[in-house]
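Text of model.cif, listed as mmCIF, N, CA and C atoms:
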data_run
#
loop_
_atom_site.label_atom_id
_atom_site.label_comp_id
_atom_site.auth_asym_id
_atom_site.auth_seq_id
_atom_site.Cartn_x
_atom_site.Cartn_y
_atom_site.Cartn_z
N MET S 100 186.73 82.72 95.26
CA MET S 100 185.99 81.66 95.96
C MET S 100 185.19 82.27 97.11
N PRO S 101 183.96 81.85 97.25
CA PRO S 101 183.15 82.38 98.35
C PRO S 101 183.61 81.82 99.71
N THR S 102 183.40 82.61 100.75
CA THR S 102 183.70 82.17 102.11
C THR S 102 182.65 81.14 102.54
N PRO S 103 182.89 80.40 103.64
CA PRO S 103 181.87 79.46 104.11
C PRO S 103 180.52 80.13 104.37
N SER S 104 180.54 81.33 104.92
CA SER S 104 179.28 82.04 105.17
C SER S 104 178.57 82.37 103.86
N MET S 105 179.33 82.84 102.89
CA MET S 105 178.76 83.13 101.58
C MET S 105 178.18 81.86 100.96
N GLU S 106 178.90 80.75 101.12
CA GLU S 106 178.41 79.47 100.59
C GLU S 106 177.07 79.11 101.20
N ASP S 107 176.91 79.31 102.51
CA ASP S 107 175.63 78.99 103.16
C ASP S 107 174.49 79.80 102.53
N TYR S 108 174.75 81.08 102.29
CA TYR S 108 173.72 81.93 101.69
C TYR S 108 173.42 81.51 100.25
N ILE S 109 174.46 81.27 99.47
CA ILE S 109 174.25 80.86 98.07
C ILE S 109 173.47 79.55 98.02
N GLU S 110 173.85 78.60 98.87
CA GLU S 110 173.14 77.32 98.90
C GLU S 110 171.68 77.50 99.28
N GLN S 111 171.43 78.32 100.29
CA GLN S 111 170.05 78.58 100.73
C GLN S 111 169.24 79.25 99.63
N ILE S 112 169.82 80.25 98.99
CA ILE S 112 169.15 80.97 97.90
C ILE S 112 168.87 80.01 96.74
N TYR S 113 169.84 79.22 96.38
CA TYR S 113 169.67 78.25 95.29
C TYR S 113 168.51 77.31 95.61
N ASN S 114 168.50 76.77 96.83
CA ASN S 114 167.43 75.85 97.22
C ASN S 114 166.06 76.51 97.20
N LEU S 115 165.98 77.74 97.69
CA LEU S 115 164.70 78.45 97.68
C LEU S 115 164.19 78.69 96.26
N ILE S 116 165.09 79.09 95.39
CA ILE S 116 164.69 79.35 93.99
C ILE S 116 164.26 78.04 93.33
N GLU S 117 164.96 76.95 93.61
CA GLU S 117 164.57 75.66 93.05
C GLU S 117 163.20 75.22 93.58
N GLU S 118 162.96 75.45 94.88
CA GLU S 118 161.70 75.04 95.52
C GLU S 118 160.52 75.92 95.15
N LYS S 119 160.71 77.24 95.29
CA LYS S 119 159.61 78.19 95.18
C LYS S 119 159.61 79.01 93.90
N GLY S 120 160.76 79.06 93.25
CA GLY S 120 160.88 79.91 92.07
C GLY S 120 161.40 81.30 92.41
N TYR S 121 161.58 81.59 93.68
CA TYR S 121 162.09 82.89 94.13
C TYR S 121 162.71 82.74 95.51
N ALA S 122 163.48 83.74 95.90
CA ALA S 122 164.07 83.77 97.24
C ALA S 122 163.90 85.18 97.79
N ARG S 123 163.20 85.29 98.91
CA ARG S 123 163.02 86.59 99.57
C ARG S 123 163.94 86.67 100.77
N VAL S 124 164.27 87.89 101.16
CA VAL S 124 165.13 88.11 102.31
C VAL S 124 164.56 87.40 103.54
N SER S 125 163.26 87.50 103.74
CA SER S 125 162.65 86.88 104.93
C SER S 125 162.77 85.36 104.89
N ASP S 126 162.64 84.76 103.71
CA ASP S 126 162.78 83.30 103.58
C ASP S 126 164.23 82.87 103.85
N ILE S 127 165.17 83.64 103.35
CA ILE S 127 166.59 83.33 103.57
C ILE S 127 166.90 83.44 105.06
N ALA S 128 166.42 84.51 105.69
CA ALA S 128 166.66 84.72 107.12
C ALA S 128 166.10 83.56 107.93
N GLU S 129 164.90 83.15 107.61
CA GLU S 129 164.27 82.03 108.32
C GLU S 129 165.06 80.74 108.12
N GLY S 130 165.45 80.46 106.89
CA GLY S 130 166.18 79.24 106.58
C GLY S 130 167.55 79.15 107.24
N LEU S 131 168.19 80.28 107.42
CA LEU S 131 169.52 80.31 108.02
C LEU S 131 169.50 80.72 109.49
N SER S 132 168.33 81.02 110.02
CA SER S 132 168.17 81.46 111.41
C SER S 132 169.03 82.69 111.72
N VAL S 133 168.90 83.68 110.84
CA VAL S 133 169.61 84.95 111.04
C VAL S 133 168.60 86.10 110.88
N HIS S 134 169.03 87.30 111.26
CA HIS S 134 168.17 88.48 111.13
C HIS S 134 168.11 88.93 109.67
N PRO S 135 166.96 89.45 109.25
CA PRO S 135 166.86 89.97 107.88
C PRO S 135 167.94 91.00 107.54
N SER S 136 168.34 91.81 108.51
CA SER S 136 169.37 92.81 108.23
C SER S 136 170.70 92.14 107.86
N SER S 137 170.99 91.00 108.48
CA SER S 137 172.21 90.25 108.13
C SER S 137 172.11 89.72 106.71
N VAL S 138 170.92 89.26 106.34
CA VAL S 138 170.71 88.75 104.98
C VAL S 138 170.93 89.88 103.98
N THR S 139 170.36 91.04 104.25
CA THR S 139 170.49 92.17 103.34
C THR S 139 171.96 92.52 103.12
N LYS S 140 172.74 92.55 104.19
CA LYS S 140 174.17 92.86 104.06
C LYS S 140 174.89 91.82 103.21
N MET S 141 174.60 90.54 103.46
CA MET S 141 175.27 89.49 102.70
C MET S 141 174.82 89.49 101.24
N VAL S 142 173.55 89.71 101.01
CA VAL S 142 173.03 89.73 99.65
C VAL S 142 173.69 90.87 98.87
N GLN S 143 173.89 92.00 99.52
CA GLN S 143 174.57 93.12 98.86
C GLN S 143 176.01 92.74 98.51
N LYS S 144 176.67 92.02 99.41
CA LYS S 144 178.04 91.56 99.13
C LYS S 144 178.04 90.55 97.98
N LEU S 145 177.09 89.63 98.00
CA LEU S 145 177.01 88.64 96.92
C LEU S 145 176.70 89.30 95.58
N ASP S 146 175.95 90.39 95.63
CA ASP S 146 175.67 91.18 94.42
C ASP S 146 176.97 91.82 93.92
N ARG S 147 177.72 92.43 94.82
CA ARG S 147 179.00 93.05 94.43
C ARG S 147 179.97 92.03 93.84
N ASP S 148 179.94 90.81 94.39
CA ASP S 148 180.84 89.76 93.92
C ASP S 148 180.27 88.97 92.73
N GLU S 149 179.13 89.43 92.23
CA GLU S 149 178.50 88.91 91.01
C GLU S 149 178.00 87.47 91.12
N TYR S 150 177.56 87.08 92.33
CA TYR S 150 176.92 85.78 92.50
C TYR S 150 175.41 85.90 92.28
N LEU S 151 174.90 87.11 92.46
CA LEU S 151 173.49 87.35 92.26
C LEU S 151 173.26 88.80 91.90
N VAL S 152 172.03 89.08 91.48
CA VAL S 152 171.61 90.46 91.21
C VAL S 152 170.51 90.77 92.21
N TYR S 153 170.71 91.85 92.98
CA TYR S 153 169.77 92.22 94.04
C TYR S 153 169.27 93.63 93.78
N GLU S 154 167.95 93.76 93.78
CA GLU S 154 167.33 95.07 93.69
C GLU S 154 166.43 95.23 94.91
N LYS S 155 166.71 96.25 95.69
CA LYS S 155 165.96 96.49 96.91
C LYS S 155 164.46 96.49 96.61
N TYR S 156 163.72 95.77 97.44
CA TYR S 156 162.26 95.63 97.33
C TYR S 156 161.78 94.86 96.12
N ARG S 157 162.69 94.36 95.30
CA ARG S 157 162.27 93.64 94.10
C ARG S 157 162.70 92.18 94.12
N GLY S 158 163.61 91.82 94.98
CA GLY S 158 164.05 90.44 95.04
C GLY S 158 165.43 90.26 94.45
N LEU S 159 165.76 89.02 94.19
CA LEU S 159 167.09 88.72 93.70
C LEU S 159 167.05 87.52 92.77
N ILE S 160 168.06 87.45 91.92
CA ILE S 160 168.23 86.29 91.04
C ILE S 160 169.71 85.91 91.05
N LEU S 161 169.98 84.65 90.93
CA LEU S 161 171.36 84.19 90.84
C LEU S 161 171.90 84.44 89.44
N THR S 162 173.13 84.85 89.38
CA THR S 162 173.81 84.99 88.08
C THR S 162 174.21 83.58 87.63
N PRO S 163 174.65 83.41 86.40
CA PRO S 163 175.15 82.09 85.99
C PRO S 163 176.25 81.59 86.93
N LYS S 164 177.14 82.48 87.36
CA LYS S 164 178.19 82.12 88.32
C LYS S 164 177.57 81.64 89.64
N GLY S 165 176.56 82.35 90.12
CA GLY S 165 175.89 81.97 91.37
C GLY S 165 175.15 80.65 91.25
N LYS S 166 174.49 80.44 90.11
CA LYS S 166 173.77 79.17 89.88
C LYS S 166 174.74 78.00 89.85
N LYS S 167 175.86 78.19 89.18
CA LYS S 167 176.85 77.11 89.07
C LYS S 167 177.37 76.73 90.45
N ILE S 168 177.72 77.72 91.24
CA ILE S 168 178.23 77.44 92.58
C ILE S 168 177.12 76.88 93.46
N GLY S 169 175.91 77.44 93.37
CA GLY S 169 174.79 76.93 94.16
C GLY S 169 174.52 75.47 93.89
N LYS S 170 174.52 75.09 92.63
CA LYS S 170 174.28 73.70 92.25
C LYS S 170 175.37 72.79 92.83
N ARG S 171 176.60 73.26 92.76
CA ARG S 171 177.72 72.48 93.29
C ARG S 171 177.65 72.34 94.80
N LEU S 172 177.23 73.40 95.49
CA LEU S 172 177.12 73.37 96.95
C LEU S 172 176.00 72.42 97.39
N VAL S 173 174.90 72.42 96.66
CA VAL S 173 173.80 71.50 96.97
C VAL S 173 174.27 70.06 96.74
N TYR S 174 174.99 69.83 95.65
CA TYR S 174 175.53 68.50 95.38
C TYR S 174 176.43 68.05 96.53
N ARG S 175 177.32 68.93 96.98
CA ARG S 175 178.23 68.60 98.07
C ARG S 175 177.45 68.22 99.32
N HIS S 176 176.46 69.03 99.66
CA HIS S 176 175.66 68.78 100.86
C HIS S 176 174.94 67.43 100.75
N GLU S 177 174.29 67.19 99.63
CA GLU S 177 173.55 65.94 99.44
C GLU S 177 174.48 64.73 99.43
N LEU S 178 175.64 64.87 98.82
CA LEU S 178 176.61 63.78 98.78
C LEU S 178 177.08 63.42 100.19
N LEU S 179 177.38 64.43 100.99
CA LEU S 179 177.83 64.17 102.35
C LEU S 179 176.72 63.52 103.19
N GLU S 180 175.49 63.97 102.99
CA GLU S 180 174.36 63.32 103.67
C GLU S 180 174.28 61.86 103.26
N GLN S 181 174.43 61.61 101.98
CA GLN S 181 174.37 60.25 101.45
C GLN S 181 175.47 59.38 102.04
N LEU S 182 176.67 59.92 102.13
CA LEU S 182 177.79 59.18 102.70
C LEU S 182 177.50 58.83 104.16
N LEU S 183 177.08 59.81 104.94
CA LEU S 183 176.84 59.56 106.36
C LEU S 183 175.71 58.55 106.56
N ARG S 184 174.70 58.64 105.72
CA ARG S 184 173.60 57.66 105.78
C ARG S 184 174.13 56.26 105.44
N THR S 185 174.94 56.18 104.42
CA THR S 185 175.50 54.90 103.96
C THR S 185 176.35 54.24 105.04
N ILE S 186 177.13 55.04 105.75
CA ILE S 186 178.01 54.46 106.76
C ILE S 186 177.33 54.29 108.11
N GLY S 187 176.03 54.59 108.16
CA GLY S 187 175.26 54.27 109.35
C GLY S 187 175.16 55.34 110.42
N VAL S 188 175.44 56.59 110.07
CA VAL S 188 175.26 57.67 111.04
C VAL S 188 173.77 57.83 111.32
N LYS S 189 173.43 58.04 112.58
CA LYS S 189 172.03 58.20 112.96
C LYS S 189 171.42 59.39 112.23
N GLU S 190 170.22 59.20 111.73
CA GLU S 190 169.52 60.22 110.94
C GLU S 190 169.44 61.56 111.68
N ASP S 191 169.23 61.51 112.99
CA ASP S 191 169.12 62.74 113.78
C ASP S 191 170.40 63.58 113.76
N ASN S 192 171.52 62.95 113.47
CA ASN S 192 172.81 63.65 113.49
C ASN S 192 173.28 64.13 112.13
N ILE S 193 172.71 63.60 111.08
CA ILE S 193 173.26 63.81 109.73
C ILE S 193 173.32 65.28 109.34
N TYR S 194 172.22 66.01 109.47
CA TYR S 194 172.20 67.40 109.00
C TYR S 194 173.26 68.23 109.72
N ASP S 195 173.30 68.14 111.05
CA ASP S 195 174.26 68.93 111.82
C ASP S 195 175.69 68.51 111.50
N ASP S 196 175.92 67.21 111.32
CA ASP S 196 177.26 66.74 110.98
C ASP S 196 177.70 67.30 109.63
N VAL S 197 176.81 67.26 108.64
CA VAL S 197 177.15 67.80 107.32
C VAL S 197 177.44 69.29 107.42
N GLU S 198 176.61 70.02 108.15
CA GLU S 198 176.84 71.45 108.32
C GLU S 198 178.20 71.72 108.96
N GLY S 199 178.62 70.82 109.84
CA GLY S 199 179.89 70.99 110.53
C GLY S 199 181.11 70.69 109.69
N ILE S 200 180.96 69.85 108.67
CA ILE S 200 182.15 69.44 107.90
C ILE S 200 182.20 69.96 106.47
N GLU S 201 181.06 70.35 105.91
CA GLU S 201 181.04 70.61 104.46
C GLU S 201 181.99 71.71 104.01
N HIS S 202 182.24 72.71 104.83
CA HIS S 202 183.10 73.81 104.41
C HIS S 202 184.58 73.51 104.60
N HIS S 203 184.88 72.38 105.21
CA HIS S 203 186.27 72.07 105.56
C HIS S 203 186.89 71.03 104.64
N LEU S 204 186.19 70.65 103.61
CA LEU S 204 186.69 69.64 102.69
C LEU S 204 187.02 70.29 101.34
N SER S 205 188.11 69.85 100.75
CA SER S 205 188.47 70.33 99.41
C SER S 205 187.53 69.68 98.39
N TRP S 206 187.50 70.26 97.21
CA TRP S 206 186.68 69.66 96.15
C TRP S 206 187.28 68.32 95.71
N ASP S 207 188.58 68.16 95.88
CA ASP S 207 189.21 66.87 95.60
C ASP S 207 188.66 65.82 96.57
N ALA S 208 188.56 66.18 97.86
CA ALA S 208 188.00 65.24 98.85
C ALA S 208 186.55 64.92 98.51
N ILE S 209 185.80 65.92 98.07
CA ILE S 209 184.40 65.69 97.70
C ILE S 209 184.33 64.71 96.53
N ASP S 210 185.19 64.88 95.55
CA ASP S 210 185.22 63.95 94.41
C ASP S 210 185.52 62.52 94.86
N ARG S 211 186.47 62.37 95.79
CA ARG S 211 186.81 61.02 96.30
C ARG S 211 185.64 60.44 97.11
N ILE S 212 184.95 61.27 97.85
CA ILE S 212 183.78 60.81 98.60
C ILE S 212 182.71 60.34 97.61
N GLY S 213 182.57 61.07 96.52
CA GLY S 213 181.63 60.64 95.48
C GLY S 213 181.99 59.27 94.94
N ASP S 214 183.29 59.03 94.75
CA ASP S 214 183.75 57.71 94.29
C ASP S 214 183.42 56.63 95.32
N LEU S 215 183.62 56.95 96.59
CA LEU S 215 183.35 55.99 97.66
C LEU S 215 181.86 55.66 97.74
N VAL S 216 181.01 56.67 97.68
CA VAL S 216 179.57 56.44 97.72
C VAL S 216 179.16 55.58 96.52
N GLN S 217 179.70 55.89 95.36
CA GLN S 217 179.40 55.09 94.17
C GLN S 217 179.84 53.64 94.36
N PHE S 218 181.01 53.43 94.96
CA PHE S 218 181.52 52.09 95.23
C PHE S 218 180.51 51.29 96.07
N PHE S 219 179.99 51.92 97.12
CA PHE S 219 179.02 51.23 97.97
C PHE S 219 177.71 50.98 97.24
N GLU S 220 177.28 51.94 96.44
CA GLU S 220 175.99 51.80 95.77
C GLU S 220 176.02 50.78 94.63
N GLU S 221 177.18 50.53 94.06
CA GLU S 221 177.29 49.59 92.95
C GLU S 221 177.00 48.15 93.39
N ASP S 222 177.17 47.87 94.67
CA ASP S 222 176.98 46.51 95.15
C ASP S 222 176.46 46.57 96.59
N GLU S 223 175.18 46.26 96.77
CA GLU S 223 174.54 46.30 98.09
C GLU S 223 175.27 45.46 99.12
N SER S 224 175.94 44.39 98.68
CA SER S 224 176.63 43.52 99.64
C SER S 224 177.75 44.28 100.36
N ARG S 225 178.28 45.31 99.75
CA ARG S 225 179.32 46.11 100.39
C ARG S 225 178.75 46.87 101.58
N ILE S 226 177.55 47.40 101.41
CA ILE S 226 176.88 48.09 102.52
C ILE S 226 176.52 47.09 103.61
N ASP S 227 176.05 45.91 103.20
CA ASP S 227 175.73 44.87 104.17
C ASP S 227 176.96 44.48 104.98
N ALA S 228 178.11 44.36 104.32
CA ALA S 228 179.35 44.01 105.02
C ALA S 228 179.73 45.11 106.01
N LEU S 229 179.54 46.33 105.62
CA LEU S 229 179.83 47.46 106.51
C LEU S 229 178.93 47.41 107.74
N ARG S 230 177.66 47.13 107.53
CA ARG S 230 176.71 47.04 108.64
C ARG S 230 177.10 45.90 109.61
N GLU S 231 177.58 44.79 109.06
CA GLU S 231 178.01 43.67 109.90
C GLU S 231 179.20 44.08 110.77
N ILE S 232 180.15 44.79 110.19
CA ILE S 232 181.31 45.28 110.95
C ILE S 232 180.84 46.20 112.06
N GLN S 233 179.92 47.12 111.73
CA GLN S 233 179.42 48.06 112.73
C GLN S 233 178.72 47.32 113.87
N LYS S 234 177.93 46.31 113.52
CA LYS S 234 177.22 45.56 114.54
C LYS S 234 178.20 44.83 115.47
N LYS S 235 179.25 44.22 114.89
CA LYS S 235 180.27 43.54 115.71
C LYS S 235 180.94 44.53 116.65
N ASN S 236 181.25 45.72 116.15
CA ASN S 236 181.90 46.74 116.99
C ASN S 236 180.99 47.22 118.11
N GLU S 237 179.70 47.32 117.84
CA GLU S 237 178.74 47.73 118.87
C GLU S 237 178.60 46.66 119.95
N ASP S 238 178.68 45.39 119.54
CA ASP S 238 178.52 44.28 120.48
C ASP S 238 179.74 44.16 121.40
N ASN S 239 180.89 44.64 120.96
CA ASN S 239 182.12 44.52 121.77
C ASN S 239 182.27 45.61 122.77
#
Starting from the file, lay out its structure as structure tokens.
Amino acid sequence: MPTPSMEDYIEQIYNLIEEKGYARVSDIAEGLSVHPSSVTKMVQKLDRDEYLVYEKYRGLILTPKGKKIGKRLVYRHELLEQLLRTIGVKEDNIYDDVEGIEHHLSWDAIDRIGDLVQFFEEDESRIDALREIQKKNEDN
């Protein structure tokens, strides 16, 4: 299993490849706000652990193992954003909140969160009821 730091890199690389068709060290560094030398070290580690294939000066590609984990990490991130949005967390806080919690939840918890989000989405009145509760709590 990748560490939280490795997960951040895999998720960033996966997103870049999905967006642009490629991921460069400089793009990864910019996206994660780290130095390119840190990216190079992590990419070499991810290569050793078979999450990607890295050739100096040529770029990198995710292995099937890396793609599978990258897709799952993006799903986790998007699901948590969706949950926080559904329960009324302010938009300005959502990204940082997700970054703060995503590595601390088991995949079982993620599956249950998926069930909860689905429960709310199946019937808009459930979200409306939640909003009414929140409004009453704010008024008190």
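Using only N, CA and C atoms for every distance, the candidate list S:Arg147, S:Arg157, S:Lys166, S:His203 yields S:Arg157 as the residue closest to Arg123 in chain S.
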The PyMOL selection byres (((chain S and resi 106 and name CA) around 12) and name CA) on the file shown: which residues, as number ranges by chain? S: 100-105, 107-113, 131, 141-142, 145, 150, 165-173, 175-176, 198, 201-203
Could you produce a table of the residues of range 135-181 of chain S lying within 8 Å of range 206-217 of chain S, with the nearest pair of atoms per residue and their separation in Å rounded to one decimal, using only N, CA and C atoms, ordered by chain and increasing residue number, as a tab-separated table?
residue	atom	partner	partner_atom	distance
S:Arg175	CA	S:Ile209	CA	6.8
S:Leu178	CA	S:Gly213	CA	6.8
S:Leu179	N	S:Ile212	C	7.5
S:Gln181	C	S:Val216	CA	6.6
Need the shell around Leu229 in chain S: protein/DNA/RNA residues with any atom at most 8 Å away, counting only N, CA and C atoms. Skip same-chain ones fewer than 5 positions apart. Format as a list in words? Thr185, Ile186, Gly187, Glu223, Ser224, Lys234 and Lys235 of chain S
Please report the interatomic distance between CA of Val138 in chain S and atom C of Asp126 in chain S in Å with one decimal. 8.8 Å
Check the DSSP output for the backbone and give back, as an mmCIF file with N, CA and C atoms, in the coordinates of the input, the residues of range 180-226 of chain S in alpha helix (DSSP H).
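Written output follows (states.cif):
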data_model
loop_
_atom_site.group_PDB
_atom_site.id
_atom_site.type_symbol
_atom_site.label_atom_id
_atom_site.label_comp_id
_atom_site.auth_asym_id
_atom_site.auth_seq_id
_atom_site.Cartn_x
_atom_site.Cartn_y
_atom_site.Cartn_z
ATOM 1 N N GLU S 180 175.490 63.970 102.990
ATOM 2 C CA GLU S 180 174.360 63.320 103.670
ATOM 3 C C GLU S 180 174.280 61.860 103.260
ATOM 4 N N GLN S 181 174.430 61.610 101.980
ATOM 5 C CA GLN S 181 174.370 60.250 101.450
ATOM 6 C C GLN S 181 175.470 59.380 102.040
ATOM 7 N N LEU S 182 176.670 59.920 102.130
ATOM 8 C CA LEU S 182 177.790 59.180 102.700
ATOM 9 C C LEU S 182 177.500 58.830 104.160
ATOM 10 N N LEU S 183 177.080 59.810 104.940
ATOM 11 C CA LEU S 183 176.840 59.560 106.360
ATOM 12 C C LEU S 183 175.710 58.550 106.560
ATOM 13 N N ARG S 184 174.700 58.640 105.720
ATOM 14 C CA ARG S 184 173.600 57.660 105.780
ATOM 15 C C ARG S 184 174.130 56.260 105.440
ATOM 16 N N THR S 185 174.940 56.180 104.420
ATOM 17 C CA THR S 185 175.500 54.900 103.960
ATOM 18 C C THR S 185 176.350 54.240 105.040
ATOM 19 N N GLU S 190 170.220 59.200 111.730
ATOM 20 C CA GLU S 190 169.520 60.220 110.940
ATOM 21 C C GLU S 190 169.440 61.560 111.680
ATOM 22 N N ASP S 191 169.230 61.510 112.990
ATOM 23 C CA ASP S 191 169.120 62.740 113.780
ATOM 24 C C ASP S 191 170.400 63.580 113.760
ATOM 25 N N ASN S 192 171.520 62.950 113.470
ATOM 26 C CA ASN S 192 172.810 63.650 113.490
ATOM 27 C C ASN S 192 173.280 64.130 112.130
ATOM 28 N N ILE S 193 172.710 63.600 111.080
ATOM 29 C CA ILE S 193 173.260 63.810 109.730
ATOM 30 C C ILE S 193 173.320 65.280 109.340
ATOM 31 N N TYR S 194 172.220 66.010 109.470
ATOM 32 C CA TYR S 194 172.200 67.400 109.000
ATOM 33 C C TYR S 194 173.260 68.230 109.720
ATOM 34 N N ASP S 195 173.300 68.140 111.050
ATOM 35 C CA ASP S 195 174.260 68.930 111.820
ATOM 36 C C ASP S 195 175.690 68.510 111.500
ATOM 37 N N ASP S 196 175.920 67.210 111.320
ATOM 38 C CA ASP S 196 177.260 66.740 110.980
ATOM 39 C C ASP S 196 177.700 67.300 109.630
ATOM 40 N N VAL S 197 176.810 67.260 108.640
ATOM 41 C CA VAL S 197 177.150 67.800 107.320
ATOM 42 C C VAL S 197 177.440 69.290 107.420
ATOM 43 N N GLU S 198 176.610 70.020 108.150
ATOM 44 C CA GLU S 198 176.840 71.450 108.320
ATOM 45 C C GLU S 198 178.200 71.720 108.960
ATOM 46 N N GLY S 199 178.620 70.820 109.840
ATOM 47 C CA GLY S 199 179.890 70.990 110.530
ATOM 48 C C GLY S 199 181.110 70.690 109.690
ATOM 49 N N ILE S 200 180.960 69.850 108.670
ATOM 50 C CA ILE S 200 182.150 69.440 107.900
ATOM 51 C C ILE S 200 182.200 69.960 106.470
ATOM 52 N N TRP S 206 187.500 70.260 97.210
ATOM 53 C CA TRP S 206 186.680 69.660 96.150
ATOM 54 C C TRP S 206 187.280 68.320 95.710
ATOM 55 N N ASP S 207 188.580 68.160 95.880
ATOM 56 C CA ASP S 207 189.210 66.870 95.600
ATOM 57 C C ASP S 207 188.660 65.820 96.570
ATOM 58 N N ALA S 208 188.560 66.180 97.860
ATOM 59 C CA ALA S 208 188.000 65.240 98.850
ATOM 60 C C ALA S 208 186.550 64.920 98.510
ATOM 61 N N ILE S 209 185.800 65.920 98.070
ATOM 62 C CA ILE S 209 184.400 65.690 97.700
ATOM 63 C C ILE S 209 184.330 64.710 96.530
ATOM 64 N N ASP S 210 185.190 64.880 95.550
ATOM 65 C CA ASP S 210 185.220 63.950 94.410
ATOM 66 C C ASP S 210 185.520 62.520 94.860
ATOM 67 N N ARG S 211 186.470 62.370 95.790
ATOM 68 C CA ARG S 211 186.810 61.020 96.300
ATOM 69 C C ARG S 211 185.640 60.440 97.110
ATOM 70 N N ILE S 212 184.950 61.270 97.850
ATOM 71 C CA ILE S 212 183.780 60.810 98.600
ATOM 72 C C ILE S 212 182.710 60.340 97.610
ATOM 73 N N GLY S 213 182.570 61.070 96.520
ATOM 74 C CA GLY S 213 181.630 60.640 95.480
ATOM 75 C C GLY S 213 181.990 59.270 94.940
ATOM 76 N N ASP S 214 183.290 59.030 94.750
ATOM 77 C CA ASP S 214 183.750 57.710 94.290
ATOM 78 C C ASP S 214 183.420 56.630 95.320
ATOM 79 N N LEU S 215 183.620 56.950 96.590
ATOM 80 C CA LEU S 215 183.350 55.990 97.660
ATOM 81 C C LEU S 215 181.860 55.660 97.740
ATOM 82 N N VAL S 216 181.010 56.670 97.680
ATOM 83 C CA VAL S 216 179.570 56.440 97.720
ATOM 84 C C VAL S 216 179.160 55.580 96.520
ATOM 85 N N GLN S 217 179.700 55.890 95.360
ATOM 86 C CA GLN S 217 179.400 55.090 94.170
ATOM 87 C C GLN S 217 179.840 53.640 94.360
ATOM 88 N N PHE S 218 181.010 53.430 94.960
ATOM 89 C CA PHE S 218 181.520 52.090 95.230
ATOM 90 C C PHE S 218 180.510 51.290 96.070
ATOM 91 N N PHE S 219 179.990 51.920 97.120
ATOM 92 C CA PHE S 219 179.020 51.230 97.970
ATOM 93 C C PHE S 219 177.710 50.980 97.240
ATOM 94 N N GLU S 220 177.280 51.940 96.440
ATOM 95 C CA GLU S 220 175.990 51.800 95.770
ATOM 96 C C GLU S 220 176.020 50.780 94.630
ATOM 97 N N GLU S 221 177.180 50.530 94.060
ATOM 98 C CA GLU S 221 177.290 49.590 92.950
ATOM 99 C C GLU S 221 177.000 48.150 93.390
ATOM 100 N N GLU S 223 175.180 46.260 96.770
ATOM 101 C CA GLU S 223 174.540 46.300 98.090
ATOM 102 C C GLU S 223 175.270 45.460 99.120
ATOM 103 N N SER S 224 175.940 44.390 98.680
ATOM 104 C CA SER S 224 176.630 43.520 99.640
ATOM 105 C C SER S 224 177.750 44.280 100.360
ATOM 106 N N ARG S 225 178.280 45.310 99.750
ATOM 107 C CA ARG S 225 179.320 46.110 100.390
ATOM 108 C C ARG S 225 178.750 46.870 101.580
ATOM 109 N N ILE S 226 177.550 47.400 101.410
ATOM 110 C CA ILE S 226 176.880 48.090 102.520
ATOM 111 C C ILE S 226 176.520 47.090 103.610
#
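Going from atom C of Tyr121 in chain S over to atom C of Lys155 in chain S, you cover 13.9 Å.
Pairwise distance (CA of Glu177 in chain S, CA of Glu237 in chain S) equals 27.1 Å.
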Residue neighbourhood Val124 in chain S, 6.5 Å, all atoms listed in the file, exclusion window fewer than 5 positions, as a list in words: Glu129, Pro135, Val138 and Thr139 of chain S
Would you return as an MDAnalysis selection string the members of chain S that DSSP assigns to strand (DSSP E) on this structure's backbone? chainID S and resid 151:154 158:161
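Between Leu115 in chain S and the residues S:His134, S:Val152, S:Ile127, S:Asp196, the shortest atom-to-atom distance, using all atoms listed in the file, involves S:Ile127.
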